[in-house]
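Okay, so here's the structure we're looking at.
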Amino acid sequence: MALRKLPRLLTAHFAAWLALVSMVLSGLAPVAAGSAAAATFRAPSRQALTIADVQKIIAQAVGEAKARNAKATIAVVDRVGNVLAVYRMTGARATMRFPTGVPTQLVPPLPPALPAEFGAIAKAITGAYLSSSGNAFSTRTASMIVQQHFPPAPSTPGLESGPLFGVQFSQLPCSDLNTRFPGNAAAPTAMIGPKRSPLGLAADPGGLPLYKKGVVVGGIGVLADGIYGFDPNVLDFDNDLDEVIAFAGLQGFAPPDAIRADRIPVDGSTLRFSDAKASQLHPLQSNFAALGAGAGALLAVAGFYAGDAILPGVAYGTERSGIRFAKASEFSNAQAFVLSNGRGVNRYPIRGGTDAADVGTALSPAEVRAVLEEAFTVMSRARAQIRRPLDTPAQVTISVVDSWGTVLGLVRSPDAPIFGTDVSLQKARTAAFFSNPKAGSLLLADPDAGVAPTVAATRSFLADGAALTGKSAFSARAIGNLARPYFPDGEVGRPNGPLSMPIAKFSPFATGLQTALIAQTLGADRCSNVPAAPSGQQRLANGIQIFPGAVPIYRGNRLVGAIGVSGDGIDQDDMIAFLGANNGGKKAGGIGNAPKAMRSDRIVVKVGVGVRLRYVNCPFAPFLDTSAQNVCEGL
């Protein structure tokens with residue numbers, strides 16, 4: 001009997017050995033035995049860029065620029081957004097501008113020419129933040145998924161907007177989530193992330209993620225052509241100067257081919273990673289010391305980089321990175337990650353709501369914990385949209401806020417893209433804000449141009465003088481419907497939504513209310529001038545977000561908070577938020593999703609034929625452990 005079992009036993013051991021080898025080769029460290037999520041998540045191995053790595057990346061980019069008689073500003077960041085170097089070649093443009101004729105609402109007091117280093121840093125952060133061990137996205141990928149039609153091309157009007165429409169206005173320098181560089185690389189908190197970006201996320205080709213042993217360790221961003229724009233046509237292939245120079249810097253630090261954006265389809269269209277190819281490159285120049293003093297110099301960038309030396313990157317997952325495993329006392333799932341202050345203290349521990357003065361009975365810590373735990377469980381079972389290999393679980397960040405926008409808890413899976421941290425909080429605050437009984441009055445009290453008029457526009461558009469007074473529960477998807485330059489989304493010739501710019505004035509740099517709210521505050525410690533809550537909490541302290549993945553949380557008919565999710569497909573985000581609120585409410589008792597009669601999908605907009613707003617859109621057959629379909633139906 002034992003002999004008959006021996007081949008099976010050896011096969012099992014061999015399979016386990018192969019699995020371990022596969023994990024090592026892919027840069028993923030095995031989780032501890034006995035973990036509740038051992039079969040679901042693995043933490044990325046702790047790779048980081050060294051000073052020598054950064055020098056090589058810069059030297060390769062500079063060498064390609066010189067071979068093309070170009071002058072570039074080059075930025076390199078680590079995975080959590082720490083700027084490791086900004087190098088300006090001698091004679092490179094000091095400024096950049098938006099494309100001619102493209103509308104912008106960004107910071108009207110500033111001149112149209114912005115510092116070139118801002119663009120380079122934003123591109124590098126975009127490449128790092130949008131990527132993970134399961135997907136590698138670039139600024140060209142970002143360009144494809146943030147425009148008014150997806151995929152963007154002259155032949156695609158009539159299609160819906162990009163799945164991450166509006167994400168470019170996350171990671172803002174005014175965000176209260178993203179940490180600030182203290183001005184001195186030797187300061188104790190200097191390398192604690194995630195860091196802010198000077199211009200949010202970039203859609204201008206020339207930003208690429210950097211990898212070591214299959215693990216994303218940072219990003220490179222290049223600004224050489226003087227234009228900070230986007231690609232309006234994905235049907236052709238560009239010879240983009242910024243992108244080719246960045247692609248040279250990428251050599252030796254490229255992502256695995258299997259996880260590049262051009263291996264990942266969304267809604268029937270394959271995404272784009274880079275139009276540059278290795279065959280276009282000149283012989284690589286990898287010796288930084290050989291560049292010489294005349295080639296260029298490191299450049300100090302106030303608020304981002306001291307400029308006195310190239311820095312090594314921080315290994316993601318360590319205390320110093322600002323993102324680490326949760327302790328048993330912080331979260332029940334051993335594979336959860338939290339944000340930390342670098343000294344072992346969770347920046348957003350689970351807590352109760354602060355808004356009892358407005359809502360009566362605020363969310364309790366136990367209720368917040370139940371919602372986060374149940375959402376984390378849904379995520380663990382959900383099939384990812386953007387990750388490779390296929391049939392791997394989704395990885396996202398989950399945030400819960402009270403009705404004032406106060407963070408009551410934030411958790412993430414080990415390898416969720418960094419961008420989703422700030423975005424999940426934006427989404428939660430957006431759902432809480434627009435569902436609040438005071439939403440209209442708060443927008444009317446904001447002194448910034450373009451904000452107050454959206455109240456009358458929304459009430460007229462919805463033919464409801466009581467809109468934005470708490471009558472309806474608005475999800476992030478519903479607010480996104482109202483923030484598109486065509487309504488219904490994508491249909492040319494239709495009017496713009498009341499929270500959007502008209503199409504003639506719209507661009508990825510001028511989306512409407514989203515940009516009007518932040519136009520005057522990018523250098524401040526908040527992302528809007530909406531009046532603060534009685535506690536002093538800035539209700540929209542990191543801006544709003546206008547793509548799906550958040551729902552408000554109710555106690556009966558009363559708003560008490562919201563849950564936001566971001567990181568792995570917008571329908572997956574919707575489902576995790578919606579089922580997290582539902583299941584967490586059942587577990588805790590007394591809270592849950594908005595009553596059906598209050599949800600925004602009960603609102604019919606009279607534009608030609610009646611068009612119903614959306615609430616959530618959950619994917620069919622979304623789970624890895626069951627073939628169940630329509631999992632949100634009837635809830």
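Going by the structure tokens order, chains are called A, B, ..., each with residues numbered from 1, while ligands are numbered from 1 in the order shown.
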Next item on the list: Can you pull out every residue within 9 Å of Leu271 in chain A, counting only C-alpha atoms, but drop anything in the same chain fewer than 6 positions away, and send it as an MDAnalysis selection string?
Entry: chainID A and resid 137 141 144:145 151 260:265
Generate the output file for the selected residues, C-alpha atoms, as a compact mmCIF listing (two decimals), in the first residue's frame.
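Ended up saving to out12.txt:
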```
# COMPACT_ATOMS: atom_id res chain seq x y z
CA PHE A 137 1.29 49.77 -17.37
CA THR A 141 -1.44 52.83 -21.25
CA MET A 144 -5.54 55.02 -23.65
CA ILE A 145 -7.81 54.59 -20.61
CA PRO A 151 -10.12 53.13 -27.33
CA ARG A 260 2.88 44.03 -20.22
CA ALA A 261 -0.19 46.08 -21.01
CA ASP A 262 -0.15 44.84 -24.60
CA ARG A 263 -0.96 41.37 -23.24
CA ILE A 264 -4.05 42.60 -21.38
CA PRO A 265 -7.44 43.12 -23.09
```
Which neighbours of Arg494 in chain A fall inside 12 Å, counting only C-alpha atoms, when residues of the same chain fewer than 3 positions from it are skipped, and could you give them as a PDB file with N, CA and C atoms, in the first residue's frame?
```
ATOM      1  N   PRO A 157     -15.574  57.600 -31.962  1.00  0.00           N
ATOM      2  CA  PRO A 157     -16.658  58.338 -31.305  1.00  0.00           C
ATOM      3  C   PRO A 157     -17.914  57.490 -31.223  1.00  0.00           C
ATOM      4  N   GLY A 158     -18.609  57.601 -30.123  1.00  0.00           N
ATOM      5  CA  GLY A 158     -19.798  56.791 -29.887  1.00  0.00           C
ATOM      6  C   GLY A 158     -19.542  55.694 -28.881  1.00  0.00           C
ATOM      7  N   ARG A 484     -19.439  63.031 -17.541  1.00  0.00           N
ATOM      8  CA  ARG A 484     -18.942  62.717 -18.876  1.00  0.00           C
ATOM      9  C   ARG A 484     -19.312  63.829 -19.854  1.00  0.00           C
ATOM     10  N   PRO A 485     -18.452  64.082 -20.845  1.00  0.00           N
ATOM     11  CA  PRO A 485     -18.749  65.158 -21.801  1.00  0.00           C
ATOM     12  C   PRO A 485     -19.864  64.816 -22.779  1.00  0.00           C
ATOM     13  N   TYR A 486     -20.325  63.561 -22.747  1.00  0.00           N
ATOM     14  CA  TYR A 486     -21.536  63.157 -23.470  1.00  0.00           C
ATOM     15  C   TYR A 486     -22.417  62.386 -22.501  1.00  0.00           C
ATOM     16  N   PHE A 487     -23.712  62.601 -22.584  1.00  0.00           N
ATOM     17  CA  PHE A 487     -24.645  61.799 -21.795  1.00  0.00           C
ATOM     18  C   PHE A 487     -25.782  61.355 -22.706  1.00  0.00           C
ATOM     19  N   PRO A 488     -25.971  60.042 -22.870  1.00  0.00           N
ATOM     20  CA  PRO A 488     -25.252  58.928 -22.262  1.00  0.00           C
ATOM     21  C   PRO A 488     -23.782  58.881 -22.677  1.00  0.00           C
ATOM     22  N   ASP A 489     -22.998  58.228 -21.856  1.00  0.00           N
ATOM     23  CA  ASP A 489     -21.555  58.179 -22.008  1.00  0.00           C
ATOM     24  C   ASP A 489     -21.155  57.787 -23.422  1.00  0.00           C
ATOM     25  N   GLY A 490     -20.378  58.664 -24.057  1.00  0.00           N
ATOM     26  CA  GLY A 490     -19.783  58.354 -25.348  1.00  0.00           C
ATOM     27  C   GLY A 490     -20.608  58.700 -26.559  1.00  0.00           C
ATOM     28  N   GLU A 491     -21.909  58.921 -26.411  1.00  0.00           N
ATOM     29  CA  GLU A 491     -22.779  59.103 -27.568  1.00  0.00           C
ATOM     30  C   GLU A 491     -22.646  60.517 -28.116  1.00  0.00           C
ATOM     31  N   GLY A 497     -22.798  65.880 -19.363  1.00  0.00           N
ATOM     32  CA  GLY A 497     -23.331  65.761 -18.022  1.00  0.00           C
ATOM     33  C   GLY A 497     -23.089  67.042 -17.245  1.00  0.00           C
ATOM     34  N   PRO A 502     -18.489  70.964 -21.442  1.00  0.00           N
ATOM     35  CA  PRO A 502     -18.980  70.639 -22.785  1.00  0.00           C
ATOM     36  C   PRO A 502     -17.825  70.108 -23.623  1.00  0.00           C
ATOM     37  N   ILE A 503     -18.124  69.259 -24.583  1.00  0.00           N
ATOM     38  CA  ILE A 503     -17.071  68.593 -25.331  1.00  0.00           C
ATOM     39  C   ILE A 503     -16.128  69.589 -26.000  1.00  0.00           C
ATOM     40  N   LYS A 606     -34.170  62.771 -18.568  1.00  0.00           N
ATOM     41  CA  LYS A 606     -34.945  62.983 -19.791  1.00  0.00           C
ATOM     42  C   LYS A 606     -34.067  63.647 -20.854  1.00  0.00           C
ATOM     43  N   VAL A 607     -33.287  62.853 -21.561  1.00  0.00           N
ATOM     44  CA  VAL A 607     -32.514  63.356 -22.700  1.00  0.00           C
ATOM     45  C   VAL A 607     -32.928  62.519 -23.903  1.00  0.00           C
ATOM     46  N   GLY A 608     -33.849  63.072 -24.722  1.00  0.00           N
ATOM     47  CA  GLY A 608     -34.444  62.256 -25.772  1.00  0.00           C
ATOM     48  C   GLY A 608     -35.280  61.185 -25.105  1.00  0.00           C
ATOM     49  N   VAL A 609     -34.900  59.930 -25.283  1.00  0.00           N
ATOM     50  CA  VAL A 609     -35.530  58.860 -24.516  1.00  0.00           C
ATOM     51  C   VAL A 609     -34.984  58.917 -23.094  1.00  0.00           C
ATOM     52  N   VAL A 611     -33.062  58.015 -19.867  1.00  0.00           N
ATOM     53  CA  VAL A 611     -31.849  57.241 -19.592  1.00  0.00           C
ATOM     54  C   VAL A 611     -31.684  57.139 -18.079  1.00  0.00           C
TER      55      VAL A 611
END
```
Next item on the list: Excluding Pro163 in chain A and any residue of its chain fewer than 3 positions from it, enumerate the residues within 9 Å of it, using only C-alpha atoms, and give them as a list in words.
Entry: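 Answer for this query is Ile145, Val146, Gln147, Phe150, Glu160, Val266, Phe547, Pro548, Gly569 and Ile570 of chain A.
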Can you write just those residues out, C-alpha atoms, as a short mmCIF file (atom, residue, chain, number, x, y, z; two decimals), in the first residue's frame?
```cif
data_model
loop_
_atom_site.label_atom_id
_atom_site.label_comp_id
_atom_site.auth_asym_id
_atom_site.auth_seq_id
_atom_site.Cartn_x
_atom_site.Cartn_y
_atom_site.Cartn_z
CA ILE A 145 -7.81 54.59 -20.61
CA VAL A 146 -8.50 58.19 -19.50
CA GLN A 147 -9.98 59.78 -22.62
CA PHE A 150 -12.19 53.95 -25.41
CA GLU A 160 -17.91 54.91 -23.82
CA VAL A 266 -10.16 45.36 -21.68
CA PHE A 547 -14.97 56.31 -12.40
CA PRO A 548 -16.67 53.36 -10.66
CA GLY A 569 -10.96 46.49 -12.97
CA ILE A 570 -13.83 48.92 -12.49
#
```
Notebook entry, point to check: Excluding same-chain residues fewer than 2 positions from range 45-53 of chain A, what lies within 7 Å of it counting only C-alpha atoms, as a ChimeraX atom specification?
Noted result: /A:27-29,43,55-57,212,215,217,310-317
Could those residues be written to a file, using C-alpha atoms, as an mmCIF file, in the first residue's frame?
```
data_model
loop_
_atom_site.group_PDB
_atom_site.id
_atom_site.type_symbol
_atom_site.label_atom_id
_atom_site.label_comp_id
_atom_site.auth_asym_id
_atom_site.auth_seq_id
_atom_site.Cartn_x
_atom_site.Cartn_y
_atom_site.Cartn_z
ATOM 1 C CA GLY A 27 9.809 37.478 -7.723
ATOM 2 C CA LEU A 28 7.043 36.410 -5.358
ATOM 3 C CA ALA A 29 7.893 35.256 -1.867
ATOM 4 C CA ALA A 43 3.776 39.232 -1.126
ATOM 5 C CA GLN A 55 22.935 55.495 -12.468
ATOM 6 C CA LYS A 56 22.678 52.861 -15.198
ATOM 7 C CA ILE A 57 19.077 53.804 -16.016
ATOM 8 C CA LYS A 212 13.818 43.586 -10.957
ATOM 9 C CA VAL A 215 8.845 42.788 -9.249
ATOM 10 C CA VAL A 217 10.592 48.604 -8.215
ATOM 11 C CA ILE A 310 21.239 59.863 -6.311
ATOM 12 C CA LEU A 311 19.282 57.844 -3.770
ATOM 13 C CA PRO A 312 18.632 54.096 -3.499
ATOM 14 C CA GLY A 313 15.033 52.959 -3.662
ATOM 15 C CA VAL A 314 13.107 51.593 -0.712
ATOM 16 C CA ALA A 315 11.956 47.984 -0.821
ATOM 17 C CA TYR A 316 8.169 47.864 -0.988
ATOM 18 C CA GLY A 317 6.605 46.051 1.949
#
```
Next item on the list: Mind giving me the straight-line distance from CA of Gly549 in chain A to CA of Ile259 in chain A in Å, one decimal?
Entry: 23.5 Å
Next item on the list: Assign secondary structure with DSSP using the backbone only, and return the residues of range 377-569 of chain A in alpha helix (DSSP H) as a VMD selection string.
Entry: chain A and resid 377 to 381 419 to 434 439 to 444 453 to 461 476 to 482 513 to 518
Notebook entry, point to check: Using the chain letters and numbers from this document, which residues of range 232-432 of chain A does DSSP assign to strand (DSSP E or B), as a ChimeraX atom specification?
Noted result: /A:260,265-266,269-270,296-298,301,305,317,323-325,337-340,346,382-383,393,397-402,407-412
Check: Leaving out Leu208 in chain A and any residue of its chain fewer than 6 positions from it, which residues lie within 9 Å of it when counting only C-alpha atoms, given as an MDAnalysis selection string?
Finding: chainID A and resid 123:128 136:140 218:221 243 246:247 250 254 273:274
Next item on the list: Please provide the set of residues having any atom within 10 Å of range 94-104 of chain A, restricted to only C-alpha atoms, with same-chain residues fewer than 6 positions apart removed, written as a PyMOL selection string.
Entry: chain A and resi 72-73+88+111-119+223-230+501+504-512+515+519
Please write the residues from the selection above to a file, keeping N, CA and C atoms, as a tab-separated table (two decimals), in the first residue's frame.
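Writing the result to selection-v2.tsv gives the following:
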```tsv
chain	number	residue	atom	x	y	z
A	72	ALA	N	17.23	66.04	-22.61
A	72	ALA	CA	16.10	65.53	-21.83
A	72	ALA	C	16.25	65.80	-20.35
A	73	THR	N	15.12	65.87	-19.68
A	73	THR	CA	15.05	65.81	-18.22
A	73	THR	C	14.53	64.43	-17.87
A	88	ARG	N	18.97	66.61	-15.40
A	88	ARG	CA	18.70	67.46	-16.57
A	88	ARG	C	19.95	67.55	-17.42
A	111	PRO	N	1.68	80.26	-15.22
A	111	PRO	CA	1.81	80.46	-16.66
A	111	PRO	C	1.60	79.15	-17.39
A	112	PRO	N	1.31	79.21	-18.69
A	112	PRO	CA	1.06	77.97	-19.45
A	112	PRO	C	2.27	77.05	-19.51
A	113	ALA	N	3.49	77.60	-19.30
A	113	ALA	CA	4.69	76.77	-19.30
A	113	ALA	C	4.98	76.31	-17.87
A	114	LEU	N	5.03	74.99	-17.68
A	114	LEU	CA	5.28	74.40	-16.37
A	114	LEU	C	6.69	73.81	-16.35
A	115	PRO	N	7.27	73.61	-15.16
A	115	PRO	CA	8.62	73.03	-15.10
A	115	PRO	C	8.67	71.65	-15.74
A	116	ALA	N	9.67	71.43	-16.58
A	116	ALA	CA	9.80	70.15	-17.27
A	116	ALA	C	9.99	69.01	-16.29
A	117	GLU	N	10.64	69.29	-15.15
A	117	GLU	CA	10.86	68.23	-14.18
A	117	GLU	C	9.55	67.74	-13.56
A	118	PHE	N	8.53	68.59	-13.52
A	118	PHE	CA	7.22	68.15	-13.04
A	118	PHE	C	6.68	67.04	-13.94
A	119	GLY	N	6.80	67.24	-15.24
A	119	GLY	CA	6.32	66.23	-16.17
A	119	GLY	C	7.10	64.94	-16.07
A	223	LEU	N	11.11	63.88	-20.17
A	223	LEU	CA	10.52	65.02	-20.86
A	223	LEU	C	11.62	65.64	-21.72
A	224	ALA	N	11.51	65.49	-23.03
A	224	ALA	CA	12.51	66.02	-23.95
A	224	ALA	C	11.90	66.90	-25.03
A	225	ASP	N	10.66	66.61	-25.42
A	225	ASP	CA	10.07	67.33	-26.55
A	225	ASP	C	9.35	68.61	-26.14
A	226	GLY	N	9.26	68.87	-24.82
A	226	GLY	CA	8.66	70.12	-24.36
A	226	GLY	C	7.16	70.12	-24.30
A	227	ILE	N	6.51	69.01	-24.66
A	227	ILE	CA	5.04	68.94	-24.68
A	227	ILE	C	4.58	67.92	-23.65
A	228	TYR	N	3.60	68.30	-22.83
A	228	TYR	CA	3.00	67.39	-21.85
A	228	TYR	C	1.57	67.13	-22.32
A	229	GLY	N	1.39	66.03	-23.03
A	229	GLY	CA	0.09	65.81	-23.66
A	229	GLY	C	-0.44	64.41	-23.47
A	230	PHE	N	-0.97	63.82	-24.56
A	230	PHE	CA	-1.56	62.49	-24.55
A	230	PHE	C	-1.66	62.05	-26.00
A	501	MET	N	-17.30	69.33	-18.44
A	501	MET	CA	-17.18	70.42	-19.41
A	501	MET	C	-17.92	70.01	-20.69
A	504	ALA	N	-16.62	70.75	-26.40
A	504	ALA	CA	-15.76	71.74	-27.06
A	504	ALA	C	-14.70	72.30	-26.11
A	505	LYS	N	-14.97	72.23	-24.80
A	505	LYS	CA	-14.03	72.75	-23.81
A	505	LYS	C	-13.38	71.64	-22.99
A	506	PHE	N	-13.68	70.40	-23.35
A	506	PHE	CA	-13.20	69.26	-22.58
A	506	PHE	C	-11.83	68.80	-23.09
A	507	SER	N	-11.03	68.27	-22.19
A	507	SER	CA	-9.80	67.55	-22.52
A	507	SER	C	-9.41	66.74	-21.29
A	508	PRO	N	-8.43	65.84	-21.42
A	508	PRO	CA	-7.97	65.13	-20.21
A	508	PRO	C	-7.41	66.07	-19.14
A	509	PHE	N	-7.19	67.35	-19.49
A	509	PHE	CA	-6.73	68.33	-18.51
A	509	PHE	C	-7.85	69.25	-18.04
A	510	ALA	N	-9.06	69.04	-18.54
A	510	ALA	CA	-10.20	69.88	-18.16
A	510	ALA	C	-11.45	69.02	-18.18
A	511	THR	N	-11.72	68.33	-17.08
A	511	THR	CA	-12.83	67.38	-17.04
A	511	THR	C	-14.12	67.97	-16.48
A	512	GLY	N	-14.06	69.15	-15.89
A	512	GLY	CA	-15.27	69.75	-15.32
A	512	GLY	C	-15.12	70.00	-13.84
A	515	THR	N	-11.81	69.01	-12.00
A	515	THR	CA	-10.66	69.91	-12.09
A	515	THR	C	-10.97	71.29	-11.51
A	519	ALA	N	-8.42	73.38	-8.93
A	519	ALA	CA	-7.64	74.33	-9.72
A	519	ALA	C	-6.87	75.33	-8.87
```
Compile a residue-level contact table for range 148-249 of chain A against range 323-335 of chain A at a cut-off of 9 Å, reporting for every qualifying residue the shortest atom pair and its distance in Å to one decimal, with only C-alpha atoms counted, rows ordered by chain and ascending number, as a Markdown table.
```
| residue | atom | partner | partner_atom | distance |
| --- | --- | --- | --- | --- |
| A:Ile192 | CA | A:Ile323 | CA | 8.3 |
| A:Gly193 | CA | A:Ile323 | CA | 7.2 |
| A:Pro194 | CA | A:Ile323 | CA | 7.8 |
```
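Those residues that approach Gly344 in chain A to within 8 Å, counting only C-alpha atoms, are A:Glu319, A:Ser340, A:Asn341; same-chain residues fewer than 3 positions away are not listed.
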Output N, CA and C atoms for every residue in the selection just made, as a JSON list (two decimals), in the first residue's frame.
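Output saved as again_29.json:
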```json
[["chain", "number", "residue", "atom", "x", "y", "z"],
["A", 319, "GLU", "N", 8.79, 48.52, 6.52],
["A", 319, "GLU", "CA", 8.29, 49.64, 7.31],
["A", 319, "GLU", "C", 8.71, 50.98, 6.70],
["A", 340, "SER", "N", 1.76, 52.74, 6.91],
["A", 340, "SER", "CA", 2.43, 52.95, 8.18],
["A", 340, "SER", "C", 3.22, 54.25, 8.15],
["A", 341, "ASN", "N", 3.49, 54.79, 9.32],
["A", 341, "ASN", "CA", 4.23, 56.06, 9.39],
["A", 341, "ASN", "C", 5.74, 55.86, 9.40]]
```
Notebook entry, point to check: For Gln60 in chain A, which residue out of A:Ala289, A:Leu201, A:Ile418, A:Ala190 is the nearest one, using only C-alpha atoms?
Noted result: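 Closest candidate: A:Ala289.
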Notebook entry, point to check: What is the CA of Gly183 in chain A-CA of Val83 in chain A distance in Å, reported with one decimal?
Noted result: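 Those two atoms sit 11.5 Å apart.
When CA of Ala463 in chain A is paired with CA of Val560 in chain A, their separation reads 26.5 Å.
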